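J.: Handing you a structure now.
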Amino acid sequence: MGKWSIVAMTAVLALSLTACGSKNDKPASGSEASSGGSPEQVVLKVATDASYAPFESMDKDKIVGFDADFLDAVMKEAGLSYKLENVGWDALLAEMTQGDKSSYKAAISAITITDDRKQSSDFTIPYFESVNMILTKEGSTVANALELKDKKVAVQGATTADELMKGIMGDSNTNLKRFDSNTLALLELDNGGVDAVVADFGVVQAYVQEHPDKKYKAIYDKNNFAPEYYGIMLQKGSADLKSKLDAAVEKVRASDEYKAMYKKWIGVEPDTADLLKTK
Ligand code: ARG
């Protein structure tokens with residue numbers, strides 16, 4: 001074996017050892033210049049709501065899912081240290097409008113980039129194309145979102161599913177039941193308290209597949225539910241962080257690594273044609 005192949009192998013080994021390190025608490029990569037002469041690199045705190053498999057969920061004390069893998073790849077690419085923390089959805093949304101007052105610099109949680117949210121937070125460029133879907137029981141006659149108007153529907157509050165169903169069912173309709181987490185919305189369907197749940201397609205499809213015994217079905221309604229794009233949410237005025245992360249997101253979302261993590265968590269090959277055109 002030549003000298004260079006040994007050097008190359010050592011490099012590969014070093015890389016794979018890094019990859020084995022603790023997932024949610026990366027050691028400093030060293031590629032970020034430290035300004036104050038402190039040897040310790042700033043660890044970026046990132047918030048999530050780990051109750052939204054396959055994007056983020058708790059596996060014992062570890063946050064796992066597509067978003068966890070994607071964030072890890074982006075942070076490595078950007079040379080930043082980070083710590084992903086499970087704070088819950090409402091706390092996440094509240095934290096991410098606090099600017100400097102919050103200790104969280106970013107949030108990743110299958111968060112759709114909306115005009116409304118852009119008023120009070122910044123976002124990276126999109127990293128995932130999604131759409132809301134209806135989850136209902138096999139015998140249900142519901143064929144589209146408009147037919148949910150007179151049904152009971154569970155959503156996670158303050159999500160795009162909540163917004164969409166408010167539009168169809170009316171803001172004050174008590175048959176639209178809002179839950180703090182999507183897991184609780186799914187439980188309500190399980191318990192027969194509602195006829196349907198509306199949530200992101202990845203979540204709905206995974207749930208159908210994981211519970212074949214419960215005979216759920218997923219309905220895609222492209223007339224009433226438009227495509228949505230997830231971004232990493234940042235505090236308003238994060239121009240520096242945004243430009244670093246945007247460059248990393250742009251690279252990772254076009255990579256084979258992205259395709260592999262998509263396949264791993266979403267179960268199919270991604271069609272990234274539209275995503276890659278977004279800015
Ligand atoms: N994509 C939807 C939204 O941004 C739902 C996201 C919910 N995410 C979560 N981790 N619970 O409103």
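Note on naming: chains are A, B, ... as they come in the structure tokens, residues start from 1 per chain, ligands start from 1 in the order shown.
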Excluding stretch 43-60 of chain A and residues on its chain fewer than 4 positions from it, collect all residues at most 8 Å away from it, counting only C-alpha atoms, and give them as JSON, numbers by chain.

T.: {"A": [28, 64, 65, 66, 67, 68, 80, 81, 82, 83, 84, 85, 86, 87, 88, 89, 92, 103, 104, 105, 106, 107, 108, 109, 110, 181, 182, 183, 202, 203, 206, 265, 266]}

J.: Just N, CA and C atoms for this one: save the residues we selected as a compact mmCIF listing (two decimals), in the first residue's frame.

T.:
# COMPACT_ATOMS: atom_id res chain seq x y z
N ALA A 28 -16.50 21.32 18.66
CA ALA A 28 -16.10 22.41 17.79
C ALA A 28 -15.35 21.84 16.60
N VAL A 64 -34.01 12.20 16.86
CA VAL A 64 -33.66 11.55 15.59
C VAL A 64 -34.68 11.94 14.52
N GLY A 65 -34.28 11.76 13.26
CA GLY A 65 -35.21 12.00 12.17
C GLY A 65 -34.53 12.72 11.02
N PHE A 66 -35.31 12.97 9.97
CA PHE A 66 -34.78 13.64 8.79
C PHE A 66 -34.14 14.97 9.17
N ASP A 67 -34.85 15.77 9.96
CA ASP A 67 -34.33 17.10 10.30
C ASP A 67 -33.02 17.03 11.08
N ALA A 68 -32.93 16.05 12.00
CA ALA A 68 -31.71 15.89 12.79
C ALA A 68 -30.53 15.57 11.87
N LEU A 80 -19.98 24.76 11.82
CA LEU A 80 -20.53 25.32 13.06
C LEU A 80 -20.84 24.23 14.07
N SER A 81 -20.66 24.54 15.34
CA SER A 81 -21.05 23.64 16.43
C SER A 81 -22.47 23.96 16.83
N TYR A 82 -23.22 22.92 17.22
CA TYR A 82 -24.60 23.19 17.57
C TYR A 82 -25.08 22.19 18.62
N LYS A 83 -26.20 22.53 19.21
CA LYS A 83 -26.86 21.62 20.14
C LYS A 83 -28.36 21.69 19.85
N LEU A 84 -28.93 20.55 19.47
CA LEU A 84 -30.36 20.50 19.15
C LEU A 84 -31.14 20.16 20.41
N GLU A 85 -32.14 20.96 20.72
CA GLU A 85 -32.90 20.75 21.97
C GLU A 85 -34.40 20.68 21.70
N ASN A 86 -35.05 19.75 22.40
CA ASN A 86 -36.49 19.56 22.26
C ASN A 86 -37.23 20.51 23.21
N VAL A 87 -37.82 21.57 22.64
CA VAL A 87 -38.50 22.55 23.50
C VAL A 87 -40.02 22.54 23.33
N GLY A 88 -40.52 21.85 22.30
CA GLY A 88 -41.96 21.85 22.03
C GLY A 88 -42.31 22.96 21.03
N TRP A 89 -43.46 22.80 20.39
CA TRP A 89 -43.83 23.67 19.26
C TRP A 89 -44.14 25.11 19.68
N LEU A 92 -41.10 26.87 20.87
CA LEU A 92 -40.21 27.13 19.72
C LEU A 92 -40.64 28.39 18.99
N SER A 103 -31.98 32.48 23.79
CA SER A 103 -30.70 31.78 23.68
C SER A 103 -30.68 30.89 22.43
N TYR A 104 -31.84 30.71 21.78
CA TYR A 104 -31.89 29.90 20.56
C TYR A 104 -31.63 30.76 19.33
N LYS A 105 -30.66 30.32 18.54
CA LYS A 105 -30.32 31.07 17.33
C LYS A 105 -31.07 30.54 16.12
N ALA A 106 -31.56 29.31 16.23
CA ALA A 106 -32.22 28.68 15.09
C ALA A 106 -33.20 27.63 15.57
N ALA A 107 -34.09 27.23 14.66
CA ALA A 107 -35.01 26.14 14.95
C ALA A 107 -35.21 25.32 13.69
N ILE A 108 -35.25 24.00 13.85
CA ILE A 108 -35.56 23.11 12.73
C ILE A 108 -36.64 22.16 13.23
N SER A 109 -37.79 22.13 12.50
CA SER A 109 -38.90 21.34 13.03
C SER A 109 -39.98 21.17 11.96
N ALA A 110 -39.54 20.85 10.74
CA ALA A 110 -40.49 20.76 9.62
C ALA A 110 -41.27 22.07 9.50
N SER A 181 -49.33 19.15 20.51
CA SER A 181 -48.38 18.39 19.70
C SER A 181 -49.17 17.56 18.70
N ASN A 182 -48.51 17.22 17.60
CA ASN A 182 -49.18 16.41 16.59
C ASN A 182 -49.46 15.01 17.11
N THR A 183 -48.62 14.54 18.01
CA THR A 183 -48.84 13.22 18.60
C THR A 183 -50.20 13.16 19.30
N GLY A 202 -45.32 13.68 5.04
CA GLY A 202 -44.33 12.72 5.56
C GLY A 202 -44.82 12.07 6.84
N VAL A 203 -45.45 12.87 7.67
CA VAL A 203 -45.93 12.41 8.97
C VAL A 203 -47.15 11.48 8.78
N ALA A 206 -46.13 8.11 7.06
CA ALA A 206 -45.39 7.24 7.99
C ALA A 206 -46.36 6.61 8.99
N TRP A 265 -35.61 8.23 5.76
CA TRP A 265 -36.66 8.68 6.68
C TRP A 265 -38.03 8.78 6.03
N ILE A 266 -38.08 9.17 4.74
CA ILE A 266 -39.38 9.36 4.08
C ILE A 266 -39.77 8.10 3.31

J.: What residues in stretch 96-274 of chain A get the DSSP label helix (DSSP H, G or I)? Please answer as a PyMOL selection string.

T.: chain A and resi 99-101+115-118+145-148+160-169+182-190+201-210+212-214+239-253+256-266

J.: Point out the residue among A:Ala199, A:Val153, A:Leu186, A:Ala143 with the least atom-to-atom distance to ligand 1, counting only C-alpha atoms and all ligand atoms.

T.: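 Nearest to ligand 1: A:Ala199.
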
J.: Just checking: using only C-alpha atoms, which residue out of A:Thr136, A:Ser255, A:Thr112, A:Asn144 ends up closest to A:Gly193?

T.: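 The shortest atom-to-atom distance to A:Gly193 comes from A:Thr136.
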
J.: To one decimal in Å, tell me the separation between atom CA of A:Val194 and atom CA of A:Thr114.

T.: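 One can read the atom CA of A:Val194 to atom CA of A:Thr114 distance as 27.2 Å.
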
J.: So that I can see what lies close to A:Lys236, please list as a list of chain:residue names the residues with an atom at most 8 Å from it, counting only C-alpha atoms and leaving out residues fewer than 3 positions away in the same chain.

T.: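 In the requested form, the answer reads A:Thr97, A:Gly99, A:Ser120, A:Ser121, A:Asp122.
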
J.: Emit the selected residues as an mmCIF file, in the first residue's frame, including N, CA, C and O atoms.

T.:
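Result file out_28.cif:
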data_model
loop_
_atom_site.group_PDB
_atom_site.id
_atom_site.type_symbol
_atom_site.label_atom_id
_atom_site.label_comp_id
_atom_site.auth_asym_id
_atom_site.auth_seq_id
_atom_site.Cartn_x
_atom_site.Cartn_y
_atom_site.Cartn_z
ATOM 1 N N THR A 97 -39.159 34.428 17.970
ATOM 2 C CA THR A 97 -39.526 35.811 17.654
ATOM 3 C C THR A 97 -38.876 36.764 18.660
ATOM 4 O O THR A 97 -39.211 37.940 18.701
ATOM 5 N N GLY A 99 -35.540 37.464 18.967
ATOM 6 C CA GLY A 99 -34.275 38.071 18.559
ATOM 7 C C GLY A 99 -33.173 37.723 19.542
ATOM 8 O O GLY A 99 -33.078 36.580 20.000
ATOM 9 N N SER A 120 -41.756 37.988 11.574
ATOM 10 C CA SER A 120 -41.091 38.041 12.879
ATOM 11 C C SER A 120 -39.878 37.114 13.017
ATOM 12 O O SER A 120 -39.237 37.091 14.064
ATOM 13 N N SER A 121 -39.562 36.352 11.964
ATOM 14 C CA SER A 121 -38.380 35.483 11.999
ATOM 15 C C SER A 121 -37.758 35.452 10.612
ATOM 16 O O SER A 121 -38.431 35.732 9.625
ATOM 17 N N ASP A 122 -36.483 35.084 10.562
ATOM 18 C CA ASP A 122 -35.834 34.851 9.270
ATOM 19 C C ASP A 122 -35.843 33.350 8.986
ATOM 20 O O ASP A 122 -36.074 32.547 9.893
#

J.: In stretch 77-264 of chain A, what's strand (DSSP E) per DSSP? Answer as an mmCIF file with N, CA and C atoms, in the first residue's frame?

T.:
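Once written, states-v9.cif looks like this:
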data_model
loop_
_atom_site.group_PDB
_atom_site.id
_atom_site.type_symbol
_atom_site.label_atom_id
_atom_site.label_comp_id
_atom_site.auth_asym_id
_atom_site.auth_seq_id
_atom_site.Cartn_x
_atom_site.Cartn_y
_atom_site.Cartn_z
ATOM 1 N N SER A 81 -20.657 24.541 15.341
ATOM 2 C CA SER A 81 -21.049 23.637 16.428
ATOM 3 C C SER A 81 -22.470 23.956 16.831
ATOM 4 N N TYR A 82 -23.219 22.917 17.215
ATOM 5 C CA TYR A 82 -24.603 23.188 17.572
ATOM 6 C C TYR A 82 -25.080 22.188 18.615
ATOM 7 N N LYS A 83 -26.202 22.527 19.211
ATOM 8 C CA LYS A 83 -26.865 21.616 20.145
ATOM 9 C C LYS A 83 -28.356 21.693 19.854
ATOM 10 N N LEU A 84 -28.935 20.554 19.473
ATOM 11 C CA LEU A 84 -30.363 20.499 19.146
ATOM 12 C C LEU A 84 -31.140 20.158 20.409
ATOM 13 N N GLU A 85 -32.137 20.959 20.725
ATOM 14 C CA GLU A 85 -32.903 20.751 21.966
ATOM 15 C C GLU A 85 -34.403 20.685 21.700
ATOM 16 N N ASN A 86 -35.051 19.755 22.401
ATOM 17 C CA ASN A 86 -36.491 19.564 22.258
ATOM 18 C C ASN A 86 -37.234 20.510 23.208
ATOM 19 N N ALA A 106 -31.558 29.311 16.235
ATOM 20 C CA ALA A 106 -32.216 28.680 15.091
ATOM 21 C C ALA A 106 -33.202 27.628 15.569
ATOM 22 N N ALA A 107 -34.089 27.229 14.657
ATOM 23 C CA ALA A 107 -35.013 26.138 14.952
ATOM 24 C C ALA A 107 -35.206 25.324 13.686
ATOM 25 N N SER A 121 -39.562 36.352 11.964
ATOM 26 C CA SER A 121 -38.380 35.483 11.999
ATOM 27 C C SER A 121 -37.758 35.452 10.612
ATOM 28 N N ASP A 122 -36.483 35.084 10.562
ATOM 29 C CA ASP A 122 -35.834 34.851 9.270
ATOM 30 C C ASP A 122 -35.843 33.350 8.986
ATOM 31 N N PHE A 123 -35.582 33.003 7.747
ATOM 32 C CA PHE A 123 -35.490 31.593 7.346
ATOM 33 C C PHE A 123 -34.302 31.409 6.407
ATOM 34 N N PHE A 128 -36.837 21.427 2.030
ATOM 35 C CA PHE A 128 -37.724 20.261 1.902
ATOM 36 C C PHE A 128 -39.053 20.720 1.338
ATOM 37 N N GLU A 129 -39.556 19.996 0.346
ATOM 38 C CA GLU A 129 -40.873 20.312 -0.203
ATOM 39 C C GLU A 129 -41.910 19.416 0.472
ATOM 40 N N SER A 130 -42.963 20.037 0.973
ATOM 41 C CA SER A 130 -44.008 19.275 1.660
ATOM 42 C C SER A 130 -45.380 19.687 1.155
ATOM 43 N N ASN A 132 -49.674 19.444 2.967
ATOM 44 C CA ASN A 132 -50.520 18.835 4.003
ATOM 45 C C ASN A 132 -51.353 17.720 3.406
ATOM 46 N N MET A 133 -51.687 16.745 4.217
ATOM 47 C CA MET A 133 -52.492 15.597 3.797
ATOM 48 C C MET A 133 -53.534 15.308 4.872
ATOM 49 N N ILE A 134 -54.592 14.622 4.460
ATOM 50 C CA ILE A 134 -55.650 14.234 5.397
ATOM 51 C C ILE A 134 -55.421 12.790 5.816
ATOM 52 N N LEU A 135 -55.441 12.557 7.111
ATOM 53 C CA LEU A 135 -55.368 11.191 7.627
ATOM 54 C C LEU A 135 -56.741 10.839 8.174
ATOM 55 N N THR A 136 -57.322 9.752 7.650
ATOM 56 C CA THR A 136 -58.642 9.346 8.120
ATOM 57 C C THR A 136 -58.724 7.820 8.171
ATOM 58 N N LYS A 137 -59.865 7.299 8.563
ATOM 59 C CA LYS A 137 -60.006 5.844 8.668
ATOM 60 C C LYS A 137 -60.436 5.256 7.326
ATOM 61 N N VAL A 153 -62.154 17.519 13.192
ATOM 62 C CA VAL A 153 -60.783 17.430 12.697
ATOM 63 C C VAL A 153 -59.795 17.833 13.796
ATOM 64 N N ALA A 154 -58.697 17.071 13.923
ATOM 65 C CA ALA A 154 -57.645 17.418 14.878
ATOM 66 C C ALA A 154 -56.409 17.916 14.136
ATOM 67 N N VAL A 155 -55.824 18.980 14.640
ATOM 68 C CA VAL A 155 -54.569 19.506 14.088
ATOM 69 C C VAL A 155 -53.668 19.912 15.253
ATOM 70 N N GLN A 156 -52.394 20.059 14.949
ATOM 71 C CA GLN A 156 -51.510 20.704 15.920
ATOM 72 C C GLN A 156 -51.738 22.208 15.780
ATOM 73 N N LEU A 176 -63.066 21.931 15.055
ATOM 74 C CA LEU A 176 -61.633 21.959 14.732
ATOM 75 C C LEU A 176 -60.882 21.957 16.064
ATOM 76 N N LYS A 177 -60.273 20.798 16.358
ATOM 77 C CA LYS A 177 -59.624 20.641 17.665
ATOM 78 C C LYS A 177 -58.117 20.804 17.546
ATOM 79 N N ARG A 178 -57.604 21.748 18.331
ATOM 80 C CA ARG A 178 -56.164 22.052 18.263
ATOM 81 C C ARG A 178 -55.427 21.428 19.439
ATOM 82 N N PHE A 179 -54.306 20.790 19.124
ATOM 83 C CA PHE A 179 -53.502 20.142 20.165
ATOM 84 C C PHE A 179 -52.103 20.737 20.193
ATOM 85 N N ALA A 196 -60.701 13.010 11.381
ATOM 86 C CA ALA A 196 -59.491 13.143 10.579
ATOM 87 C C ALA A 196 -58.443 13.997 11.291
ATOM 88 N N VAL A 197 -57.197 13.805 10.867
ATOM 89 C CA VAL A 197 -56.083 14.672 11.284
ATOM 90 C C VAL A 197 -55.509 15.262 10.008
ATOM 91 N N VAL A 198 -55.116 16.532 10.050
ATOM 92 C CA VAL A 198 -54.399 17.118 8.911
ATOM 93 C C VAL A 198 -52.986 17.462 9.382
ATOM 94 N N ALA A 199 -52.000 16.993 8.610
ATOM 95 C CA ALA A 199 -50.586 17.230 8.953
ATOM 96 C C ALA A 199 -49.739 17.039 7.700
ATOM 97 N N ASP A 200 -48.454 17.271 7.815
ATOM 98 C CA ASP A 200 -47.566 17.142 6.659
ATOM 99 C C ASP A 200 -47.528 15.711 6.109
ATOM 100 N N TYR A 216 -55.805 2.974 8.585
ATOM 101 C CA TYR A 216 -55.907 4.396 8.261
ATOM 102 C C TYR A 216 -55.738 4.582 6.775
ATOM 103 N N LYS A 217 -56.207 5.722 6.262
ATOM 104 C CA LYS A 217 -55.847 6.054 4.891
ATOM 105 C C LYS A 217 -55.448 7.519 4.805
ATOM 106 N N ALA A 218 -54.580 7.789 3.834
ATOM 107 C CA ALA A 218 -54.074 9.141 3.633
ATOM 108 C C ALA A 218 -54.676 9.700 2.351
ATOM 109 N N ILE A 219 -55.157 10.941 2.417
ATOM 110 C CA ILE A 219 -55.751 11.563 1.221
ATOM 111 C C ILE A 219 -54.953 12.802 0.839
ATOM 112 N N GLU A 228 -45.664 23.305 0.154
ATOM 113 C CA GLU A 228 -45.046 24.166 1.165
ATOM 114 C C GLU A 228 -43.562 23.810 1.213
ATOM 115 N N TYR A 229 -42.756 24.752 1.674
ATOM 116 C CA TYR A 229 -41.323 24.484 1.800
ATOM 117 C C TYR A 229 -40.861 24.719 3.222
ATOM 118 N N TYR A 230 -40.080 23.771 3.733
ATOM 119 C CA TYR A 230 -39.504 23.940 5.070
ATOM 120 C C TYR A 230 -38.204 24.735 4.963
ATOM 121 N N MET A 233 -35.495 27.995 10.712
ATOM 122 C CA MET A 233 -35.959 29.298 11.202
ATOM 123 C C MET A 233 -34.830 29.969 11.986
ATOM 124 N N LEU A 234 -34.661 31.267 11.752
ATOM 125 C CA LEU A 234 -33.594 32.023 12.434
ATOM 126 C C LEU A 234 -34.213 33.242 13.094
ATOM 127 N N GLN A 235 -33.494 33.818 14.044
ATOM 128 C CA GLN A 235 -33.995 35.057 14.639
ATOM 129 C C GLN A 235 -33.942 36.159 13.588
#

J.: Could you check which of A:Val268, A:Leu164, A:Ala239, A:Val249 is closest to ligand 1, using only C-alpha atoms and all ligand atoms?

T.: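 Nearest to ligand 1: A:Leu164.
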
J.: Select, from A:Gly192, A:Met169, A:Leu71, A:Pro227, the residue with the minimum atom-to-atom distance to ligand 1, counting only C-alpha atoms and all ligand atoms.

T.: A:Pro227
